[in-house]
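work.txt follows (compact mmCIF, C-alpha atoms):
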```txt
# COMPACT_ATOMS: atom_id res chain seq x y z
CA MET A 25 170.13 -14.50 123.23
CA ALA A 26 173.04 -15.16 125.54
CA GLN A 27 176.60 -15.35 124.36
CA ILE A 28 178.11 -18.64 125.49
CA PHE A 29 181.76 -19.14 126.40
CA CYS A 30 183.78 -22.18 127.42
CA ILE A 31 186.49 -21.75 130.03
CA THR A 32 188.72 -24.70 129.28
CA ASN A 33 192.17 -26.22 129.45
CA GLN A 34 192.88 -29.94 129.45
CA LYS A 35 195.66 -29.40 132.00
CA GLY A 36 194.50 -29.38 135.62
CA GLY A 37 195.52 -26.87 138.26
CA VAL A 38 195.64 -23.85 135.96
CA ALA A 39 192.96 -21.71 137.66
CA LYS A 40 190.33 -22.71 135.11
CA THR A 41 187.52 -22.96 137.64
CA THR A 42 188.78 -19.92 139.56
CA THR A 43 188.59 -17.98 136.30
CA ALA A 44 185.06 -19.19 135.55
CA ILE A 45 183.78 -18.30 139.03
CA ASN A 46 185.37 -14.88 139.17
CA LEU A 47 184.40 -13.95 135.62
CA ALA A 48 180.80 -14.92 136.42
CA ALA A 49 180.87 -12.82 139.57
CA GLY A 50 182.62 -9.92 137.82
CA LEU A 51 180.08 -9.80 134.99
CA ALA A 52 177.25 -10.07 137.52
CA GLN A 53 178.65 -7.12 139.47
CA MET A 54 178.45 -5.10 136.26
CA GLY A 55 174.75 -5.80 136.00
CA LYS A 56 174.87 -8.71 133.55
CA ARG A 57 172.65 -11.78 133.79
CA VAL A 58 175.02 -14.73 134.04
CA LEU A 59 174.66 -18.52 134.14
CA LEU A 60 177.70 -20.58 135.15
CA VAL A 61 177.54 -24.19 133.94
CA ASP A 62 179.64 -26.58 136.02
CA LEU A 63 180.55 -29.27 133.50
CA ASP A 64 183.28 -30.81 135.67
CA PRO A 65 182.43 -33.92 137.75
CA GLN A 66 184.64 -32.51 140.52
CA GLY A 67 181.95 -29.88 141.09
CA ASN A 68 184.44 -27.22 142.13
CA ALA A 69 182.64 -24.36 140.35
CA SER A 70 179.52 -25.30 142.31
CA MET A 71 181.30 -25.48 145.66
CA GLY A 72 183.27 -22.32 144.91
CA SER A 73 179.97 -20.54 144.30
CA GLY A 74 178.52 -21.61 147.65
CA ILE A 75 176.51 -24.61 146.44
CA ASN A 76 176.84 -27.89 148.32
CA LYS A 77 177.49 -30.49 145.61
CA PHE A 78 176.91 -33.32 148.08
CA GLY A 79 173.32 -32.26 148.71
CA LEU A 80 172.19 -32.04 145.09
CA GLU A 81 169.07 -33.96 144.14
CA ARG A 82 169.44 -32.94 140.49
CA SER A 83 172.46 -31.70 138.59
CA VAL A 84 173.77 -31.04 135.10
CA TYR A 85 174.09 -34.84 134.83
CA HIS A 86 170.30 -35.16 134.77
CA VAL A 87 170.09 -32.35 132.23
CA LEU A 88 172.54 -33.99 129.82
CA LEU A 89 170.66 -37.28 129.98
CA GLY A 90 167.39 -35.48 129.22
CA TRP A 91 165.72 -36.36 132.50
CA THR A 92 165.04 -32.74 133.46
CA GLY A 93 165.48 -29.21 132.13
CA ALA A 94 168.19 -26.70 132.96
CA ASN A 95 165.60 -24.33 134.40
CA GLU A 96 164.70 -26.95 137.03
CA VAL A 97 168.31 -27.59 138.06
CA ARG A 98 169.91 -24.14 138.11
CA GLN A 99 170.43 -22.44 141.45
CA ALA A 100 170.79 -18.77 142.25
CA THR A 101 173.85 -17.67 144.22
CA GLN A 102 174.13 -14.73 146.56
CA TRP A 103 176.85 -13.34 144.28
CA GLY A 104 174.39 -12.36 141.57
CA TYR A 105 174.74 -15.21 139.08
CA ASP A 106 173.07 -18.61 138.61
CA VAL A 107 174.78 -21.99 138.54
CA LEU A 108 173.92 -25.21 136.77
CA PRO A 109 175.62 -27.39 139.40
CA SER A 110 177.57 -30.61 139.15
CA ASN A 111 178.88 -33.45 141.28
CA ARG A 112 180.57 -36.82 140.76
CA ASP A 113 177.39 -38.26 139.19
CA LEU A 114 178.49 -36.46 136.05
CA SER A 115 181.46 -38.80 135.65
CA GLY A 116 179.00 -41.48 134.56
CA ALA A 117 177.44 -39.31 131.89
CA GLU A 118 180.10 -40.01 129.28
CA LEU A 119 179.52 -43.76 129.42
CA GLU A 120 175.75 -43.35 129.26
CA LEU A 121 175.94 -40.82 126.43
CA THR A 122 177.92 -43.25 124.29
CA GLU A 123 174.72 -45.27 124.03
CA VAL A 124 173.09 -42.33 122.29
CA GLY A 125 173.82 -41.43 118.67
CA ASP A 126 177.37 -40.14 118.17
CA ARG A 127 176.40 -36.64 117.05
CA ASP A 128 173.49 -36.30 119.47
CA ALA A 129 175.74 -37.20 122.41
CA ARG A 130 177.93 -34.19 121.63
CA LEU A 131 175.04 -31.75 121.29
CA ARG A 132 173.13 -32.51 124.50
CA LEU A 133 174.32 -29.41 126.36
CA LYS A 134 173.65 -27.17 123.37
CA GLY A 135 170.05 -28.36 123.23
CA ALA A 136 169.57 -27.90 126.97
CA LEU A 137 170.96 -24.35 126.99
CA GLN A 138 168.80 -23.26 124.08
CA LYS A 139 165.80 -23.47 126.41
CA VAL A 140 167.21 -21.00 128.98
CA GLU A 141 169.81 -18.86 127.21
CA GLY A 142 167.24 -16.19 126.41
CA GLN A 143 167.12 -15.40 130.12
CA TYR A 144 170.83 -14.52 130.31
CA ASP A 145 173.34 -12.16 128.78
CA TYR A 146 176.22 -14.61 129.20
CA VAL A 147 176.59 -18.33 129.83
CA LEU A 148 180.00 -19.52 131.06
CA ILE A 149 180.85 -23.22 130.85
CA ASP A 150 183.52 -24.56 133.21
CA CYS A 151 184.84 -27.63 131.39
CA PRO A 152 186.69 -30.59 132.95
CA PRO A 153 190.50 -30.71 132.65
CA ALA A 154 190.42 -33.24 129.80
CA LEU A 155 189.59 -33.37 126.10
CA SER A 156 186.57 -35.54 126.85
CA LEU A 157 183.00 -35.94 125.61
CA LEU A 158 181.94 -33.43 128.28
CA THR A 159 184.44 -30.87 126.98
CA VAL A 160 183.26 -31.46 123.41
CA ASN A 161 179.68 -30.84 124.61
CA GLY A 162 180.81 -27.52 126.04
CA LEU A 163 182.66 -26.53 122.87
CA ALA A 164 179.74 -27.58 120.65
CA ALA A 165 177.41 -25.31 122.64
CA ALA A 166 179.71 -22.27 122.81
CA ASP A 167 180.27 -19.19 120.71
CA GLY A 168 183.83 -18.82 121.94
CA VAL A 169 186.61 -20.24 124.08
CA VAL A 170 188.68 -18.64 126.83
CA ILE A 171 191.83 -20.57 127.75
CA PRO A 172 193.42 -19.88 131.14
CA MET A 173 197.07 -20.85 130.91
CA GLN A 174 200.16 -20.86 133.09
CA CYS A 175 203.24 -19.55 131.33
CA GLU A 176 205.19 -22.82 131.33
CA TYR A 177 206.65 -24.77 128.40
CA PHE A 178 204.64 -27.96 129.00
CA ALA A 179 201.50 -25.82 128.98
CA MET A 180 202.41 -24.63 125.49
CA GLU A 181 202.27 -28.22 124.22
CA GLY A 182 198.83 -28.74 125.75
CA LEU A 183 197.64 -25.47 124.25
CA ALA A 184 198.46 -26.74 120.77
CA ASP A 185 196.34 -29.87 121.38
CA LEU A 186 193.43 -27.79 122.62
CA VAL A 187 193.56 -25.42 119.65
CA ASN A 188 193.47 -28.46 117.37
CA THR A 189 190.41 -29.80 119.22
CA ILE A 190 188.69 -26.45 118.74
CA ARG A 191 189.32 -26.75 114.99
CA VAL A 192 187.86 -30.28 114.93
CA VAL A 193 184.73 -29.20 116.83
CA ARG A 194 184.33 -26.19 114.55
CA ARG A 195 184.57 -28.42 111.49
CA ASN A 196 182.17 -31.11 112.71
CA PHE A 197 179.74 -29.63 115.23
CA ASN A 198 179.94 -25.85 115.60
CA GLU A 199 181.13 -23.73 112.70
CA ASP A 200 180.70 -20.52 114.72
CA LEU A 201 183.14 -21.53 117.48
CA GLN A 202 186.10 -19.21 117.85
CA LEU A 203 189.05 -18.72 120.15
CA ILE A 204 188.34 -15.58 122.15
CA GLY A 205 191.69 -15.47 123.88
CA VAL A 206 194.34 -16.88 126.16
CA LEU A 207 194.41 -15.62 129.75
CA ARG A 208 197.75 -15.76 131.55
CA VAL A 209 197.11 -16.97 135.10
CA MET A 210 199.05 -17.76 138.28
CA PHE A 211 201.74 -15.44 136.95
CA ASP A 212 204.86 -14.81 139.02
CA THR A 213 206.92 -11.87 137.78
CA ARG A 214 209.97 -13.18 139.66
CA ILE A 215 210.27 -16.20 137.38
CA THR A 216 212.14 -15.40 134.17
CA LEU A 217 210.80 -18.50 132.42
CA GLN A 218 207.23 -17.29 132.77
CA ALA A 219 208.10 -13.95 131.20
CA ASP A 220 209.76 -15.80 128.30
CA VAL A 221 206.73 -18.02 127.68
CA SER A 222 204.42 -15.02 127.99
CA GLU A 223 206.37 -13.29 125.23
CA GLN A 224 206.16 -16.41 123.05
CA LEU A 225 202.40 -16.49 123.55
CA LYS A 226 202.06 -12.89 122.39
CA GLN A 227 204.24 -13.54 119.37
CA HIS A 228 202.21 -16.61 118.35
CA PHE A 229 198.66 -15.53 119.23
CA GLY A 230 198.95 -11.74 118.96
CA ASP A 231 195.77 -9.97 120.04
CA LYS A 232 194.28 -13.31 121.12
CA VAL A 233 196.27 -12.92 124.35
CA PHE A 234 194.35 -10.89 126.91
CA GLU A 235 196.10 -7.82 128.25
CA THR A 236 195.06 -8.69 131.80
CA ILE A 237 197.43 -10.98 133.70
CA ILE A 238 196.21 -12.85 136.78
CA PRO A 239 198.97 -13.01 139.42
CA ARG A 240 199.63 -15.95 141.68
CA ASN A 241 197.59 -15.01 144.75
CA VAL A 242 196.82 -17.08 147.84
CA ARG A 243 193.61 -15.12 148.58
CA LEU A 244 192.01 -16.51 145.43
CA ALA A 245 192.67 -20.06 146.63
CA GLU A 246 191.36 -19.24 150.09
CA ALA A 247 188.14 -17.84 148.64
CA SER A 248 187.17 -21.20 147.13
CA SER A 249 187.38 -22.93 150.50
CA PHE A 250 184.80 -20.43 151.78
CA GLY A 251 182.50 -20.98 148.80
CA MET A 252 183.00 -17.44 147.55
CA PRO A 253 184.39 -15.79 144.41
CA GLY A 254 187.76 -14.18 145.06
CA ILE A 255 186.50 -10.77 143.97
CA VAL A 256 183.99 -10.91 146.82
CA PHE A 257 186.14 -12.66 149.44
CA ASP A 258 188.91 -10.05 149.36
CA LYS A 259 188.17 -7.39 146.77
CA SER A 260 191.38 -5.49 147.58
CA SER A 261 193.68 -8.45 146.85
CA ARG A 262 195.83 -8.35 143.72
CA GLY A 263 194.12 -11.44 142.34
CA ALA A 264 190.63 -10.00 142.84
CA GLU A 265 191.56 -6.71 141.22
CA ALA A 266 193.02 -8.59 138.25
CA TYR A 267 189.82 -10.59 137.73
CA VAL A 268 187.73 -7.41 137.87
CA ASP A 269 190.02 -5.98 135.18
CA PHE A 270 189.61 -9.16 133.15
CA SER A 271 185.81 -8.94 133.40
CA LYS A 272 185.98 -5.38 132.07
CA GLU A 273 188.31 -6.46 129.26
CA MET A 274 185.89 -9.22 128.28
CA LEU A 275 183.03 -6.71 128.05
CA ILE A 276 185.15 -4.39 125.90
CA TRP A 277 185.94 -7.32 123.59
CA LEU A 278 182.26 -8.25 123.40
CA ASP A 279 181.24 -4.69 122.55
CA LYS A 280 183.75 -4.68 119.68
CA ASN A 281 182.65 -8.04 118.34
```
Render the structure in this file as structure tokens.
Amino acid sequence: MAQIFCITNQKGGVAKTTTAINLAAGLAQMGKRVLLVDLDPQGNASMGSGINKFGLERSVYHVLLGWTGANEVRQATQWGYDVLPSNRDLSGAELELTEVGDRDARLRLKGALQKVEGQYDYVLIDCPPALSLLTVNGLAAADGVVIPMQCEYFAMEGLADLVNTIRVVRRNFNEDLQLIGVLRVMFDTRITLQADVSEQLKQHFGDKVFETIIPRNVRLAEASSFGMPGIVFDKSSRGAEAYVDFSKEMLIWLDKN
């Protein structure tokens, strides 16, 4: 069965989707079968993987509401991984799911993935930048959580809220959920503050902080506008090389655990 991971942070603009796309592509390049679930109504993981969110007839929205199966919605990408795509229709799912039983509404994604996870080695869930019902669905379905984080003080406060949410989900919906690690992203070595926060992270979370650091890199942003993972768009860029290193670090962690 696949191992399922949420890529999440309730703060927007922290390279969450960029991380999900490039980790999916990096694992696929290493011969792994990967499904990327776009659980964000913005649909950026879909667009960044070369899928036109505006032309979707069915999306993860239809899967969550039980109108179709994940196997009928997923799309293969030319980068070696599959995507369960999303668009703005998903923004209505939370309201509609509130009409379902409270617990069932939070376990819809888990049930849907159980029908296809045997076909993959890894399932990555790109969650929306909010502690919403959609995010809880992702956490309830996952084995572990990867948190991309900028090394800024306000981000530290948000990290504490997210860690608390993980504890709540573990207690109520998914006792196996664990924090895999914190990934430092958009890192600028010229900024002393970022180095200070990075050190605080390591002191507080210890080995839960990934060794790999993703630098601030314009080529990664450019890649998304072309519908390509950064590690494919410009494999020699510093950002692409860092995400390849991160993919390898994730596999090492998985082998140990």
Point out the residue among A:Asn281, A:Thr236, A:Thr43, A:Gln138 with the least atom-to-atom distance to A:Gly168, counting only C-alpha atoms. A:Asn281
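In this comparison, which uses only C-alpha atoms, the residue of A:Ile204, A:Cys175, A:Val192, A:Leu121 approaching A:Ile238 most closely is A:Cys175.
Of the residues listed (A:Leu89, A:Val209, A:Ala164, A:Leu157), A:Val209 shows the shortest atom-to-atom separation from A:Leu244; distances use only C-alpha atoms.
Atom CA of A:Arg208 lies 7.9 Å from atom CA of A:Val233.
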Is it possible to get the residues within 12 Å of (185.0, -15.7, 146.9) (coordinates as in the file, counting only C-alpha atoms) written as a PyMOL selection string? chain A and resi 42-50+69-74+101-103+242-259+261+263-264+267
Spatial neighbours of A:Thr159, max dist 9 Å, all atoms listed in the file, sep filter under 2 positions, as a PyMOL selection string: chain A and resi 30+32+34+63-64+150-157+161-164
Could you check which of A:Leu60, A:Leu207, A:Val38, A:Ala165 is closest to A:Ile190, using only C-alpha atoms? A:Ala165
Using all atoms listed in the file, pick whichever of A:Asp113, A:Glu181, A:Asp220, A:Asp279 has the shortest atom-to-atom distance to A:Gln27. A:Asp279
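We find atom CA of A:Arg82 and atom CA of A:Ala136 to be spaced 14.4 Å apart.
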I need the residue nearest A:Val170 from this list: A:Met210, A:Leu51, A:Ala100, A:Leu186. Use all atoms listed in the file for the distance. A:Leu186
